[in-house]
Amino acid sequence: MVRIAVFDSGLGSLSIIKEMQKKFKAEIIYFADNQNFPYGTKTVNQIKNIMKNSINLLGKFEPDYIVVASNTPSLMLNLKSDKIFDVKPPIKDAKLISQTKNIGILATNSALKSKGMDNFLKKNKESPYKFYKINASNLVEIVESGKFLSEKKSVQKIIRDELEILSEKNIDVVTLSSTHLPFLKKFLKKEFPDVKFIDPGKIVANEIYLKIKNNQSNRNTLKIFTSGDTKKFQKKLLKLGIKNKIIFLSF
């Protein structure tokens, strides 16, 4: 049986887990580090400590692989290894489908301002493509708070106001470079029907599949842990149709 630990600061991991469960069968340990939400406002040193502690904590479950299901630490730190998968903006895919050559990178403020993001974009820089960094920290908060489920009209207006740049700069492809953002895809498509929004979840799931395709589990299982309030997190998950028991876990 393949055991995979997946974590980020909250609900974001679920967008990756959803794609993983579509692609293959495995035992999944999901750790929602609500105590440290949001990663997007943390300094590099704070993120380093959180990542070190989280990876050590999840190591106790003896996972075959660990998925850092957050673009922020993935861009700020060099985490990827034989056993660790990270999530970065799917720039190559964006280039293939963009007609205007104007590509939006929707990510948290910390990720956008990081040296890792600058280096990543320089590495992928290619004429005539232009990259536009767009702060999505407010949108991430909308997802984690659950407002996208209960205040839909308000959320639609916020998206309209926050993403005016898509029309202004003729951006036709946007990478959802926070794992929270796929939860807003319906709102995004409604407001910007001509823009393609790329979710990196499928890409990550496929990368994992190539490693485990000959060693899958018989069925999918999911155990959920949080470093925050278990009752509050349980209420959020119930609204998403997830009834699994939530267990407290912290370092």
# chains A, B, ... in the order shown; residues from 1 in each chain; ligands from 1
>>> residues_around(residues="segment 128-133 of chain A", least_positions_apart="2", cutoff="8 Å", atoms="only C-alpha atoms", output="MDAnalysis selection string")
chainID A and resid 95 101:107 112 121 125:126 135
>>> residues_around(residues="Ile247 of chain A", least_positions_apart="6", cutoff="12 Å", atoms="only C-alpha atoms", output="list in words")
Ile29, Tyr30, Phe31, Ala32, Asp33, Leu222, Lys223, Ile224, Phe225, Thr226, Ser227, Gly228, Asp229, Thr230, Lys231, Lys232, Phe233 and Gln234 of chain A
>>> residues_around(residues="Val68 of chain A", least_positions_apart="2", cutoff="12 Å", atoms="only C-alpha atoms", output="JSON, numbers by chain")
{"A": [4, 5, 6, 7, 8, 9, 10, 12, 13, 14, 16, 17, 30, 31, 32, 33, 39, 47, 50, 51, 52, 54, 55, 58, 65, 66, 70, 71, 72, 73, 74, 75, 77, 78, 79, 80, 81, 83, 84, 85, 86, 87, 88, 178, 179, 201, 204]}
>>> write_last_selection(atoms="N, CA and C atoms", output="compact mmCIF listing (two decimals), in the first residue's frame")
# COMPACT_ATOMS: atom_id res chain seq x y z
N ILE A 4 0.88 8.40 1.18
CA ILE A 4 1.34 9.72 0.76
C ILE A 4 0.81 10.76 1.73
N ALA A 5 1.71 11.57 2.28
CA ALA A 5 1.31 12.67 3.17
C ALA A 5 1.23 13.96 2.35
N VAL A 6 0.14 14.68 2.53
CA VAL A 6 -0.10 15.93 1.80
C VAL A 6 -0.40 17.03 2.81
N PHE A 7 0.25 18.19 2.66
CA PHE A 7 -0.05 19.25 3.63
C PHE A 7 0.10 20.64 3.03
N ASP A 8 -0.62 21.57 3.62
CA ASP A 8 -0.44 23.01 3.40
C ASP A 8 -1.08 23.70 4.60
N SER A 9 -1.47 24.97 4.45
CA SER A 9 -1.98 25.71 5.60
C SER A 9 -3.48 25.57 5.80
N GLY A 10 -4.14 24.77 4.98
CA GLY A 10 -5.59 24.62 5.17
C GLY A 10 -6.25 23.80 4.09
N GLY A 12 -6.26 24.09 0.88
CA GLY A 12 -5.60 23.97 -0.41
C GLY A 12 -5.22 22.55 -0.80
N SER A 13 -4.79 21.76 0.16
CA SER A 13 -4.39 20.38 -0.14
C SER A 13 -5.49 19.59 -0.82
N LEU A 14 -6.73 19.92 -0.51
CA LEU A 14 -7.86 19.15 -1.06
C LEU A 14 -7.93 19.22 -2.57
N ILE A 16 -5.40 19.27 -4.56
CA ILE A 16 -4.39 18.31 -5.03
C ILE A 16 -4.86 16.88 -4.78
N ILE A 17 -5.40 16.65 -3.58
CA ILE A 17 -5.88 15.31 -3.21
C ILE A 17 -6.97 14.83 -4.17
N TYR A 30 -3.64 13.63 5.24
CA TYR A 30 -3.82 15.05 4.92
C TYR A 30 -3.67 15.87 6.20
N PHE A 31 -2.67 16.76 6.22
CA PHE A 31 -2.43 17.62 7.38
C PHE A 31 -2.71 19.07 7.00
N ALA A 32 -3.77 19.63 7.57
CA ALA A 32 -4.13 21.03 7.34
C ALA A 32 -3.53 21.86 8.48
N ASP A 33 -2.47 22.58 8.19
CA ASP A 33 -1.76 23.32 9.23
C ASP A 33 -2.43 24.67 9.48
N TYR A 39 0.28 30.86 4.87
CA TYR A 39 1.70 30.82 4.54
C TYR A 39 2.09 32.08 3.77
N ILE A 47 8.82 30.36 7.04
CA ILE A 47 8.43 29.26 6.15
C ILE A 47 9.40 28.08 6.30
N ILE A 50 8.49 26.24 9.47
CA ILE A 50 7.21 25.53 9.31
C ILE A 50 7.39 24.28 8.46
N MET A 51 8.14 24.40 7.37
CA MET A 51 8.36 23.26 6.48
C MET A 51 9.16 22.16 7.18
N LYS A 52 10.20 22.56 7.89
CA LYS A 52 11.04 21.59 8.61
C LYS A 52 10.20 20.83 9.64
N SER A 54 6.88 20.53 9.80
CA SER A 54 5.79 19.77 9.18
C SER A 54 6.30 18.46 8.58
N ILE A 55 7.41 18.55 7.87
CA ILE A 55 7.97 17.35 7.23
C ILE A 55 8.44 16.34 8.28
N LEU A 58 5.23 14.74 9.83
CA LEU A 58 4.60 13.76 8.94
C LEU A 58 5.48 12.54 8.71
N TYR A 65 5.85 9.09 0.19
CA TYR A 65 6.09 10.40 -0.41
C TYR A 65 5.36 11.48 0.39
N ILE A 66 5.90 12.71 0.30
CA ILE A 66 5.26 13.87 0.93
C ILE A 66 5.01 14.91 -0.15
N SER A 70 1.52 23.55 -1.56
CA SER A 70 1.43 25.00 -1.49
C SER A 70 2.51 25.60 -2.36
N ASN A 71 2.13 26.53 -3.22
CA ASN A 71 3.10 27.21 -4.09
C ASN A 71 4.05 28.10 -3.31
N THR A 72 3.57 28.69 -2.20
CA THR A 72 4.39 29.66 -1.47
C THR A 72 5.71 29.06 -1.00
N PRO A 73 5.73 27.99 -0.19
CA PRO A 73 7.01 27.41 0.20
C PRO A 73 7.74 26.74 -0.96
N SER A 74 6.99 26.22 -1.92
CA SER A 74 7.62 25.57 -3.08
C SER A 74 8.48 26.55 -3.87
N LEU A 75 8.04 27.81 -3.92
CA LEU A 75 8.78 28.85 -4.64
C LEU A 75 9.85 29.50 -3.76
N LEU A 77 11.48 28.09 -1.19
CA LEU A 77 12.52 27.15 -0.75
C LEU A 77 12.76 26.07 -1.79
N ASN A 78 13.91 25.42 -1.70
CA ASN A 78 14.21 24.30 -2.59
C ASN A 78 13.84 23.01 -1.88
N LEU A 79 12.61 22.55 -2.07
CA LEU A 79 12.08 21.43 -1.30
C LEU A 79 12.04 20.11 -2.06
N LYS A 80 11.95 20.18 -3.37
CA LYS A 80 11.73 18.98 -4.17
C LYS A 80 12.88 17.99 -4.03
N SER A 81 12.53 16.70 -3.86
CA SER A 81 13.52 15.63 -3.75
C SER A 81 12.88 14.34 -4.26
N LYS A 83 11.63 12.08 -2.56
CA LYS A 83 10.46 11.73 -1.75
C LYS A 83 9.49 12.89 -1.56
N ILE A 84 9.89 14.08 -1.96
CA ILE A 84 9.04 15.26 -1.75
C ILE A 84 8.63 15.88 -3.08
N PHE A 85 7.33 16.06 -3.25
CA PHE A 85 6.78 16.75 -4.42
C PHE A 85 6.35 18.15 -4.00
N ASP A 86 6.62 19.12 -4.85
CA ASP A 86 6.15 20.48 -4.56
C ASP A 86 5.24 20.95 -5.69
N VAL A 87 4.75 22.18 -5.58
CA VAL A 87 3.81 22.73 -6.56
C VAL A 87 4.31 24.09 -7.02
N LYS A 88 4.55 24.21 -8.33
CA LYS A 88 4.99 25.49 -8.89
C LYS A 88 4.08 25.87 -10.06
N SER A 178 -1.82 28.97 -6.30
CA SER A 178 -2.10 28.66 -4.90
C SER A 178 -3.09 27.52 -4.96
N THR A 179 -2.87 26.49 -4.17
CA THR A 179 -3.77 25.33 -4.24
C THR A 179 -5.15 25.63 -3.69
N GLY A 201 -2.85 20.93 -10.12
CA GLY A 201 -3.14 19.69 -9.41
C GLY A 201 -2.99 18.45 -10.27
N VAL A 204 0.74 17.62 -10.87
CA VAL A 204 1.37 17.00 -9.70
C VAL A 204 0.90 15.55 -9.55
>>> residues_around(residues="segment 18-21 of chain A", least_positions_apart="2", cutoff="10 Å", atoms="only C-alpha atoms", output="ChimeraX atom specification")
/A:13-16,23-28,199-209,219-222
>>> write_last_selection(atoms="C-alpha atoms", output="JSON list (two decimals), in the first residue's frame")
[["chain", "number", "residue", "atom", "x", "y", "z"],
["A", 13, "SER", "CA", -4.39, 20.38, -0.14],
["A", 14, "LEU", "CA", -7.86, 19.15, -1.06],
["A", 15, "SER", "CA", -7.54, 20.42, -4.63],
["A", 16, "ILE", "CA", -4.39, 18.31, -5.03],
["A", 23, "LYS", "CA", -5.45, 9.40, -11.05],
["A", 24, "PHE", "CA", -4.49, 6.57, -8.67],
["A", 25, "LYS", "CA", -5.29, 4.75, -5.43],
["A", 26, "ALA", "CA", -3.31, 5.38, -2.27],
["A", 27, "GLU", "CA", -3.49, 5.87, 1.49],
["A", 28, "ILE", "CA", -3.44, 9.63, 1.98],
["A", 199, "ASP", "CA", -4.83, 24.14, -12.12],
["A", 200, "PRO", "CA", -1.45, 22.47, -11.40],
["A", 201, "GLY", "CA", -3.14, 19.69, -9.41],
["A", 202, "LYS", "CA", -3.41, 17.38, -12.42],
["A", 203, "ILE", "CA", 0.26, 17.89, -13.23],
["A", 204, "VAL", "CA", 1.37, 17.00, -9.70],
["A", 205, "ALA", "CA", -0.95, 13.98, -9.60],
["A", 206, "ASN", "CA", 0.53, 12.71, -12.85],
["A", 207, "GLU", "CA", 4.10, 13.14, -11.56],
["A", 208, "ILE", "CA", 3.23, 11.02, -8.52],
["A", 209, "TYR", "CA", 1.42, 8.44, -10.63],
["A", 219, "ARG", "CA", -8.49, 1.55, -2.67],
["A", 220, "ASN", "CA", -8.32, 5.21, -1.73],
["A", 221, "THR", "CA", -8.27, 6.09, 1.97],
["A", 222, "LEU", "CA", -8.04, 9.53, 3.58]]
>>> select_by_dssp(residues="segment 3-232 of chain A", states="strand (DSSP E or B)", output="number ranges by chain")
A: 3-8, 27-32, 65-68, 84-85, 102-107, 130-135, 173-176, 196-198, 221-226
>>> write_last_selection(atoms="N, CA and C atoms", output="tab-separated table (two decimals), in the first residue's frame")
chain	number	residue	atom	x	y	z
A	3	ARG	N	1.60	5.04	0.76
A	3	ARG	CA	1.14	6.05	1.72
A	3	ARG	C	1.75	7.40	1.35
A	4	ILE	N	0.88	8.40	1.18
A	4	ILE	CA	1.34	9.72	0.76
A	4	ILE	C	0.81	10.76	1.73
A	5	ALA	N	1.71	11.57	2.28
A	5	ALA	CA	1.31	12.67	3.17
A	5	ALA	C	1.23	13.96	2.35
A	6	VAL	N	0.14	14.68	2.53
A	6	VAL	CA	-0.10	15.93	1.80
A	6	VAL	C	-0.40	17.03	2.81
A	7	PHE	N	0.25	18.19	2.66
A	7	PHE	CA	-0.05	19.25	3.63
A	7	PHE	C	0.10	20.64	3.03
A	8	ASP	N	-0.62	21.57	3.62
A	8	ASP	CA	-0.44	23.01	3.40
A	8	ASP	C	-1.08	23.70	4.60
A	27	GLU	N	-3.13	5.44	0.13
A	27	GLU	CA	-3.49	5.87	1.49
A	27	GLU	C	-2.96	7.28	1.65
A	28	ILE	N	-3.85	8.23	1.90
A	28	ILE	CA	-3.44	9.63	1.98
A	28	ILE	C	-3.59	10.16	3.40
A	29	ILE	N	-2.52	10.77	3.89
A	29	ILE	CA	-2.52	11.47	5.17
A	29	ILE	C	-2.57	12.96	4.85
A	30	TYR	N	-3.64	13.63	5.24
A	30	TYR	CA	-3.82	15.05	4.92
A	30	TYR	C	-3.67	15.87	6.20
A	31	PHE	N	-2.67	16.76	6.22
A	31	PHE	CA	-2.43	17.62	7.38
A	31	PHE	C	-2.71	19.07	7.00
A	32	ALA	N	-3.77	19.63	7.57
A	32	ALA	CA	-4.13	21.03	7.34
A	32	ALA	C	-3.53	21.86	8.48
A	65	TYR	N	5.85	9.09	0.19
A	65	TYR	CA	6.09	10.40	-0.41
A	65	TYR	C	5.36	11.48	0.39
A	66	ILE	N	5.90	12.71	0.30
A	66	ILE	CA	5.26	13.87	0.93
A	66	ILE	C	5.01	14.91	-0.15
A	67	VAL	N	3.80	15.47	-0.16
A	67	VAL	CA	3.46	16.53	-1.11
A	67	VAL	C	3.30	17.85	-0.35
A	68	VAL	N	4.16	18.79	-0.67
A	68	VAL	CA	4.01	20.15	-0.13
A	68	VAL	C	3.02	20.86	-1.04
A	84	ILE	N	9.89	14.08	-1.96
A	84	ILE	CA	9.04	15.26	-1.75
A	84	ILE	C	8.63	15.88	-3.08
A	85	PHE	N	7.33	16.06	-3.25
A	85	PHE	CA	6.78	16.75	-4.42
A	85	PHE	C	6.35	18.15	-4.00
A	102	ASN	N	0.33	36.83	-23.16
A	102	ASN	CA	0.27	37.51	-21.86
A	102	ASN	C	-0.28	36.54	-20.83
A	103	ILE	N	0.54	36.18	-19.85
A	103	ILE	CA	0.20	35.13	-18.90
A	103	ILE	C	0.17	35.68	-17.48
A	104	GLY	N	-0.90	35.41	-16.75
A	104	GLY	CA	-1.03	35.86	-15.37
A	104	GLY	C	-0.61	34.78	-14.40
A	105	ILE	N	0.13	35.18	-13.36
A	105	ILE	CA	0.54	34.27	-12.29
A	105	ILE	C	-0.21	34.69	-11.03
A	106	LEU	N	-1.23	33.94	-10.67
A	106	LEU	CA	-2.07	34.27	-9.52
A	106	LEU	C	-1.53	33.52	-8.31
A	107	ALA	N	-0.96	34.26	-7.35
A	107	ALA	CA	-0.30	33.61	-6.21
A	107	ALA	C	-0.36	34.53	-4.98
A	130	LYS	N	4.96	37.47	-21.89
A	130	LYS	CA	5.05	38.39	-20.76
A	130	LYS	C	4.31	37.78	-19.57
A	131	PHE	N	4.92	37.87	-18.40
A	131	PHE	CA	4.32	37.34	-17.18
A	131	PHE	C	3.85	38.50	-16.29
A	132	TYR	N	2.64	38.37	-15.77
A	132	TYR	CA	2.08	39.38	-14.87
A	132	TYR	C	1.79	38.73	-13.52
A	133	LYS	N	2.49	39.21	-12.49
A	133	LYS	CA	2.30	38.67	-11.14
A	133	LYS	C	1.08	39.35	-10.50
A	134	ILE	N	0.13	38.54	-10.04
A	134	ILE	CA	-1.13	39.07	-9.50
A	134	ILE	C	-1.34	38.54	-8.08
A	135	ASN	N	-1.49	39.46	-7.15
A	135	ASN	CA	-1.65	39.09	-5.74
A	135	ASN	C	-3.01	38.44	-5.48
A	173	VAL	N	-4.37	33.56	-20.33
A	173	VAL	CA	-4.10	32.35	-19.56
A	173	VAL	C	-3.61	32.76	-18.17
A	174	VAL	N	-4.14	32.10	-17.13
A	174	VAL	CA	-3.74	32.38	-15.75
A	174	VAL	C	-3.41	31.08	-15.05
A	175	THR	N	-2.25	31.04	-14.38
A	175	THR	CA	-1.92	29.87	-13.57
A	175	THR	C	-2.48	30.08	-12.17
A	176	LEU	N	-3.18	29.09	-11.66
A	176	LEU	CA	-3.74	29.15	-10.31
A	176	LEU	C	-2.64	28.69	-9.34
A	196	LYS	N	-8.27	31.18	-19.84
A	196	LYS	CA	-8.05	29.80	-19.42
A	196	LYS	C	-7.30	29.81	-18.09
A	197	PHE	N	-7.85	29.11	-17.09
A	197	PHE	CA	-7.24	29.04	-15.77
A	197	PHE	C	-6.66	27.64	-15.57
A	198	ILE	N	-5.34	27.57	-15.35
A	198	ILE	CA	-4.66	26.28	-15.26
A	198	ILE	C	-4.45	25.88	-13.81
A	221	THR	N	-7.89	5.78	0.58
A	221	THR	CA	-8.27	6.09	1.97
A	221	THR	C	-7.73	7.48	2.30
A	222	LEU	N	-8.42	8.16	3.22
A	222	LEU	CA	-8.04	9.53	3.58
A	222	LEU	C	-8.17	9.74	5.08
A	223	LYS	N	-7.06	10.09	5.72
A	223	LYS	CA	-7.06	10.45	7.14
A	223	LYS	C	-6.72	11.93	7.23
A	224	ILE	N	-7.51	12.68	8.00
A	224	ILE	CA	-7.37	14.13	8.04
A	224	ILE	C	-6.96	14.62	9.43
A	225	PHE	N	-5.93	15.46	9.45
A	225	PHE	CA	-5.42	16.05	10.69
A	225	PHE	C	-5.35	17.57	10.54
A	226	THR	N	-5.47	18.28	11.65
A	226	THR	CA	-5.30	19.73	11.62
A	226	THR	C	-4.58	20.20	12.87
>>> atom_distance(atom1="atom CA of Asp64 of chain A", atom2="atom CA of Thr108 of chain A")
28.9 Å
>>> select_by_dssp(residues="segment 4-185 of chain A", states="alpha helix (DSSP H)", output="JSON, numbers by chain")
{"A": [12, 13, 14, 15, 16, 17, 18, 19, 20, 21, 22, 23, 44, 45, 46, 47, 48, 49, 50, 51, 52, 53, 54, 55, 56, 57, 58, 59, 71, 72, 73, 74, 75, 76, 91, 92, 93, 94, 95, 96, 97, 109, 110, 111, 112, 113, 115, 116, 117, 118, 119, 120, 121, 122, 123, 137, 138, 139, 140, 141, 142, 143, 144, 145, 147, 148, 149, 150, 152, 153, 154, 155, 156, 157, 158, 159, 160, 161, 162, 165, 166, 167, 168, 185]}
>>> residues_around(residues="Val143 of chain A", least_positions_apart="2", cutoff="10 Å", atoms="only C-alpha atoms", output="PyMOL selection string")
chain A and resi 10-12+138-141+145-149+155+180-184
>>> atom_distance(atom1="atom CA of Asn49 of chain A", atom2="atom CA of Asn119 of chain A")
21.9 Å
>>> atom_distance(atom1="atom CA of Ile171 of chain A", atom2="atom CA of Lys113 of chain A")
20.4 Å
>>> closest_residue(among="A:Thr41, A:Glu144, A:Ala136, A:Asn124", to="Leu237 of chain A", atoms="only C-alpha atoms")
A:Glu144
